[in-house]
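Student: Questions regarding the structure given below will be posed in turn.
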There are 2 protein chains.
Amino acid sequence: MDSKIETLPEQKKTEPQSLHLRILHDVESKIVSGAWAPGFRIPFETEMAKDYGCSRMTVNKALTQLTRAGLLERSRKSGTFVKAPQSLSAALEITNIRDEVEKAGKTYSYRLLSDNPNASRPDFLSCLGASAFCDIRKVKCLHFADGVPFCFEERIISRNAVPEVDAASFEQEAPGAWLFKTVPWNSAEHQISACAATGEAAEFLDIACGTACLMVERITQNSKGYVTWARLSYPGEQHRLFAKFTPTG
Amino acid sequence: MDSKIETLPEQKKTEPQSLHLRILHDVESKIVSGAWAPGFRIPFETEMAKDYGCSRMTVNKALTQLTRAGLLERSRKSGTFVKAPQSLSAALEITNIRDEVEKAGKTYSYRLLSDNPNASRPDFLSCLGASAFCDIRKVKCLHFADGVPFCFEERIISRNAVPEVDAASFEQEAPGAWLFKTVPWNSAEHQISACAATGEAAEFLDIACGTACLMVERITQNSKGYVTWARLSYPGEQHRLFAKFTPTG
DNA sequence: GAGCACCATATGTATAGACATAATAAAGAT
DNA sequence: ATCTTTATTATGTCTATACATATGGTGCTC
């Protein structure tokens, strides 16, 4: 209780106490931030052990767990590689609508509806703490399956978090697919709801106003902050989200 | 191509090659099957090491990973315990609708609509390979939030997989809640879709036919086979499924 | 009985060493 | 040139050991 000015604790937030957890989080953040992009061969166990001044087993423990979590791919002799973020939860990962359509045996096509490369901050996002979405590109597009409207997509991309977006064209390629291959690991929040189709959505999807729609809203972020927001509207009862869960996966 | 009768391969399916994986799967199956129920104190590391004739570290590796996966809870001195299957995927785990309603600050109530303890096999499930659902109990019920219909539930419970169901009453307690505390670990498949309310559902939910509904269908199984099927219908746009995903969780 | 010091114990972490295994690369034989 | 053998290398697994740490239990004191 004396008046001595105390220095702040060393650890920023929740600095892991054990070494293998620290290594695990170090590697994870390098991957999530994009410093180690998918396909990159990360240092060998022996190298990291030397860097951290610890035994190989300690590094091994961290890397083994990241492999189980799906962030890494390892093979003998070749080394350890950052895995492509292909399945951020198997079923709800609907980034690539093309795959979704083609897996159903249908022909995919795509049309850009509108593209505002320098839009102002939207108002409907204020509730989400997404104040980071101030300098954005705003895109609307439509996905077709066998020529029939399959999904109406409204998307916002942060120009701060993804500077490369200025050079991208969404005439031929959907923003979702472009982001998927451009932005490294990230985390996502989904909201799924049913709604009655209104105005724009009904018009583009070519369905009557009031028809039941499945709506998926997703906010994606990585270490640089909020990356993108998307609202996907699927018409009628034709679409189903499928998810399977087991304890260990 | 000769006519010699071959013996089946020793291993049933994919017998893990390494010891710590074998231990991991042994423990997991004991938990999933219910042999080790939630709360049960599993043998100490040293005991299991002796049983398997291996070092404690090998057992530790298996148990540590099961702990990360959420199947176990460990504490020093006390031992290792089977965890309650509380979050088989955080957001989509909607087994307990009461919690869901009360978390939204509303008052929960429940009403049993119909109960057929000895129903015949339903036809609409044939596509799911759920031929195990032949001897079933069929229940319909309604969940309320502040007195307003919140969710219409149709449920089928396998009397083979859950023999105890014959003694259960669903007058006061919803079948979902009863199953949650009765049946041990399991895996689940979800299908989420939007639909227009029809007939029964519209009537009980007190909404107009054609109103958009969020429909969640779930099939649950454990080591004894298919346990239960449920269809939950949420009226209008009032309900949202929320899910957050990060690489490691 | 309440409070306290102390011990026993199960997990948590880390290590150095050992050998297995798979995949690549290099050297050798045909 | 192509096939084969061999060596190299990084990961995969396992051990025996060591000490740290949290915590339930025991017994002591007051």
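Chain labels A, B, ... are given in the sequence in which chains occur in the structure tokens; within each chain residues are numbered consecutively from 1, and ligands are likewise numbered from 1 in the order shown.
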What lies within 6 Å of stretch 7-19 of chain C using only C-alpha atoms (C1' of nucleotides), ignoring chain neighbours under 6 positions off, as a PyMOL selection string?

Tutor: chain B and resi 76-77+79

Student: Need the shell around B:Ala208: protein/DNA/RNA residues with any atom at most 10 Å away, counting only C-alpha atoms (C1' of nucleotides). Skip same-chain ones fewer than 6 positions apart. Format as a compact mmCIF listing (two decimals) with all heavy atoms, in the first residue's frame?

Tutor:
```txt
# COMPACT_ATOMS: atom_id res chain seq x y z
N ALA B 196 -41.79 -21.46 -45.54
CA ALA B 196 -43.04 -20.77 -45.27
C ALA B 196 -43.85 -21.64 -44.32
O ALA B 196 -43.97 -22.84 -44.54
CB ALA B 196 -43.79 -20.52 -46.57
N ALA B 197 -44.39 -21.02 -43.29
CA ALA B 197 -45.16 -21.78 -42.30
C ALA B 197 -46.38 -22.40 -42.95
O ALA B 197 -47.05 -21.76 -43.76
CB ALA B 197 -45.56 -20.87 -41.15
N THR B 198 -46.63 -23.65 -42.59
CA THR B 198 -47.81 -24.32 -43.14
C THR B 198 -48.57 -25.01 -42.03
O THR B 198 -48.00 -25.35 -41.00
CB THR B 198 -47.41 -25.38 -44.18
OG1 THR B 198 -46.48 -26.27 -43.57
CG2 THR B 198 -46.81 -24.75 -45.42
N GLY B 199 -49.82 -25.25 -42.30
CA GLY B 199 -50.71 -26.05 -41.45
C GLY B 199 -50.43 -25.99 -39.96
O GLY B 199 -50.56 -24.93 -39.33
N ALA B 201 -47.73 -26.10 -38.06
CA ALA B 201 -46.75 -25.18 -37.52
C ALA B 201 -47.33 -23.77 -37.42
O ALA B 201 -47.19 -23.10 -36.39
CB ALA B 201 -45.49 -25.18 -38.39
N ALA B 202 -47.98 -23.31 -38.49
CA ALA B 202 -48.57 -21.97 -38.48
C ALA B 202 -49.62 -21.85 -37.39
O ALA B 202 -49.70 -20.85 -36.68
CB ALA B 202 -49.17 -21.67 -39.85
N PRO B 235 -40.71 -18.91 -35.57
CA PRO B 235 -41.54 -18.07 -36.41
C PRO B 235 -40.83 -16.78 -36.84
O PRO B 235 -40.01 -16.23 -36.10
CB PRO B 235 -42.72 -17.75 -35.50
CG PRO B 235 -42.16 -17.79 -34.14
CD PRO B 235 -41.07 -18.82 -34.16
N GLY B 236 -41.19 -16.36 -38.01
CA GLY B 236 -40.84 -15.03 -38.51
C GLY B 236 -39.38 -14.72 -38.46
O GLY B 236 -38.53 -15.59 -38.55
```

Student: Using only C-alpha atoms (C1' of nucleotides), find the residues of chain B whose closest atom to chain C is at most 10 Å away, then write them as a PDB file with C-alpha atoms, in the first residue's frame.

Tutor:
```
ATOM      1  CA  PHE B  44      -5.308 -41.468 -12.877  1.00  0.00           C
ATOM      2  CA  GLU B  45      -2.556 -41.028 -15.400  1.00  0.00           C
ATOM      3  CA  THR B  46      -0.306 -43.359 -13.424  1.00  0.00           C
ATOM      4  CA  ASN B  60      -0.775 -37.393 -20.566  1.00  0.00           C
ATOM      5  CA  THR B  64      -4.348 -33.320 -22.657  1.00  0.00           C
ATOM      6  CA  ARG B  74      -8.750 -31.878 -15.145  1.00  0.00           C
ATOM      7  CA  SER B  75      -7.631 -30.478 -11.865  1.00  0.00           C
ATOM      8  CA  ARG B  76      -4.558 -31.056  -9.821  1.00  0.00           C
ATOM      9  CA  LYS B  77      -4.793 -33.425  -6.957  1.00  0.00           C
ATOM     10  CA  SER B  78      -8.455 -34.239  -7.660  1.00  0.00           C
ATOM     11  CA  GLY B  79      -8.018 -36.016 -10.955  1.00  0.00           C
ATOM     12  CA  THR B  80      -9.610 -36.067 -14.383  1.00  0.00           C
TER      13      THR B  80
END
```

Student: Could the residues of chain D within 12 Å of chain A, counting only C-alpha atoms (C1' of nucleotides), be given as a PyMOL selection string, please?

Tutor: chain D and resi 8-14+20

Student: Using only C-alpha atoms and a distance of at most 10 Å, pull out the residues of chain A that contact chain B, as number ranges by chain.

Tutor: A: 25, 28, 32, 61, 65-71, 85, 87-89, 91-93, 185-197, 210-222, 234-249

Student: Please identify all polymer residues within 8 Å of A:Thr58, counting only C-alpha atoms (C1' of nucleotides), omitting same-chain residues fewer than 2 positions from it, and present them as a list in words.

Tutor: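 So, after excluding close chain neighbours, the residues are Leu19, His20, Ala49, Cys54, Ser55, Arg56, Asn60, Lys61 and Ala62 of chain A; DA14 of chain C.
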
Student: Could you dump the residues just selected with N, CA, C and O atoms (P, O5', C5', C4', C3', O3' and C1' of nucleotides) as a short mmCIF file (atom, residue, chain, number, x, y, z; two decimals), in the first residue's frame?

Tutor:
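The resulting file, selection_16.cif, is reproduced below:
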```
data_model
loop_
_atom_site.label_atom_id
_atom_site.label_comp_id
_atom_site.auth_asym_id
_atom_site.auth_seq_id
_atom_site.Cartn_x
_atom_site.Cartn_y
_atom_site.Cartn_z
N LEU A 19 5.61 -22.41 -21.85
CA LEU A 19 6.36 -22.14 -23.07
C LEU A 19 5.67 -22.69 -24.30
O LEU A 19 5.57 -22.01 -25.33
N HIS A 20 5.16 -23.92 -24.21
CA HIS A 20 4.58 -24.50 -25.43
C HIS A 20 3.33 -23.74 -25.85
O HIS A 20 3.02 -23.65 -27.03
N ALA A 49 13.30 -24.68 -31.73
CA ALA A 49 13.79 -25.07 -30.41
C ALA A 49 15.03 -24.24 -30.05
O ALA A 49 15.17 -23.76 -28.92
N CYS A 54 14.77 -24.00 -26.12
CA CYS A 54 14.09 -25.09 -25.42
C CYS A 54 14.31 -26.40 -26.17
O CYS A 54 14.98 -26.43 -27.21
N SER A 55 13.70 -27.44 -25.66
CA SER A 55 13.87 -28.75 -26.29
C SER A 55 12.92 -28.90 -27.48
O SER A 55 11.92 -28.20 -27.58
N ARG A 56 13.25 -29.83 -28.34
CA ARG A 56 12.40 -30.04 -29.52
C ARG A 56 11.01 -30.50 -29.13
O ARG A 56 10.02 -30.14 -29.77
N ASN A 60 7.46 -29.36 -30.53
CA ASN A 60 6.62 -30.40 -31.11
C ASN A 60 5.22 -30.38 -30.53
O ASN A 60 4.23 -30.52 -31.26
N LYS A 61 5.14 -30.19 -29.23
CA LYS A 61 3.82 -30.16 -28.58
C LYS A 61 2.95 -29.05 -29.17
O LYS A 61 1.78 -29.28 -29.48
N ALA A 62 3.54 -27.88 -29.32
CA ALA A 62 2.79 -26.75 -29.86
C ALA A 62 2.36 -27.03 -31.30
O ALA A 62 1.18 -26.85 -31.65
P DA C 14 6.50 -25.33 -20.63
"O5'" DA C 14 7.83 -26.19 -20.62
"C5'" DA C 14 8.77 -25.96 -19.59
"C4'" DA C 14 9.79 -27.07 -19.60
"C3'" DA C 14 10.36 -27.40 -20.98
"O3'" DA C 14 11.70 -26.93 -21.04
"C1'" DA C 14 9.95 -29.35 -19.67
#
```

Student: Take atom CA of A:Phe204 and atom CA of A:Leu113 and report the distance between them in Å, one decimal.

Tutor: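 Interatomic distance, atom CA of A:Phe204 to atom CA of A:Leu113: 9.3 Å.
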
Student: From the DSSP assignment of the backbone, select every residue of stretch 62-118 of chain B that is alpha helix (DSSP H), and format the answer as a list in words.

Tutor: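 Alpha helix (DSSP H) members of stretch 62-118 of chain B, listed: Ala62, Leu63, Thr64, Gln65, Leu66, Thr67, Arg68, Ile97, Arg98, Asp99, Glu100, Val101, Glu102 and Lys103 of chain B.
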
Student: Kindly give the distance, in Å, that separates atom CA of B:Cys141 and atom CA of B:Pro184, rounded to a single decimal.

Tutor: 23.0 Å

Student: Just the residues within 9 Å of A:Leu179, please, counting only C-alpha atoms (C1' of nucleotides), with nothing from its chain fewer than 5 positions along; format it as a list in words.

Tutor: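 That gives Thr95, Val162, Val165, Ala174, Pro184 and Thr228 of chain A.
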
Student: Grab the residues selected above and save them as a short mmCIF file (atom, residue, chain, number, x, y, z; two decimals), in the first residue's frame with N, CA and C atoms.

Tutor:
```
data_model
loop_
_atom_site.label_atom_id
_atom_site.label_comp_id
_atom_site.auth_asym_id
_atom_site.auth_seq_id
_atom_site.Cartn_x
_atom_site.Cartn_y
_atom_site.Cartn_z
N THR A 95 -17.86 -19.46 -48.01
CA THR A 95 -17.19 -18.39 -48.73
C THR A 95 -17.28 -18.60 -50.23
N VAL A 162 -7.73 -4.41 -46.05
CA VAL A 162 -7.36 -5.07 -47.31
C VAL A 162 -7.04 -4.02 -48.36
N VAL A 165 -7.54 -4.37 -52.22
CA VAL A 165 -8.86 -4.44 -52.82
C VAL A 165 -9.04 -3.37 -53.89
N ALA A 174 -16.25 -13.18 -58.07
CA ALA A 174 -17.03 -12.71 -56.92
C ALA A 174 -16.09 -12.24 -55.82
N PRO A 184 -5.43 -13.84 -45.63
CA PRO A 184 -5.08 -15.07 -44.92
C PRO A 184 -6.07 -15.41 -43.82
N THR A 228 -14.33 -7.87 -43.67
CA THR A 228 -15.46 -7.79 -44.59
C THR A 228 -16.77 -8.16 -43.89
#
```

Student: Give me, as an NGL selection string, the residues of stretch 5-224 of chain A that a backbone DSSP run labels strand (DSSP E or B).

Tutor: :A and (41-42 or 72-75 or 79-82 or 108-119 or 136-145 or 148-158 or 187-196 or 212-222)
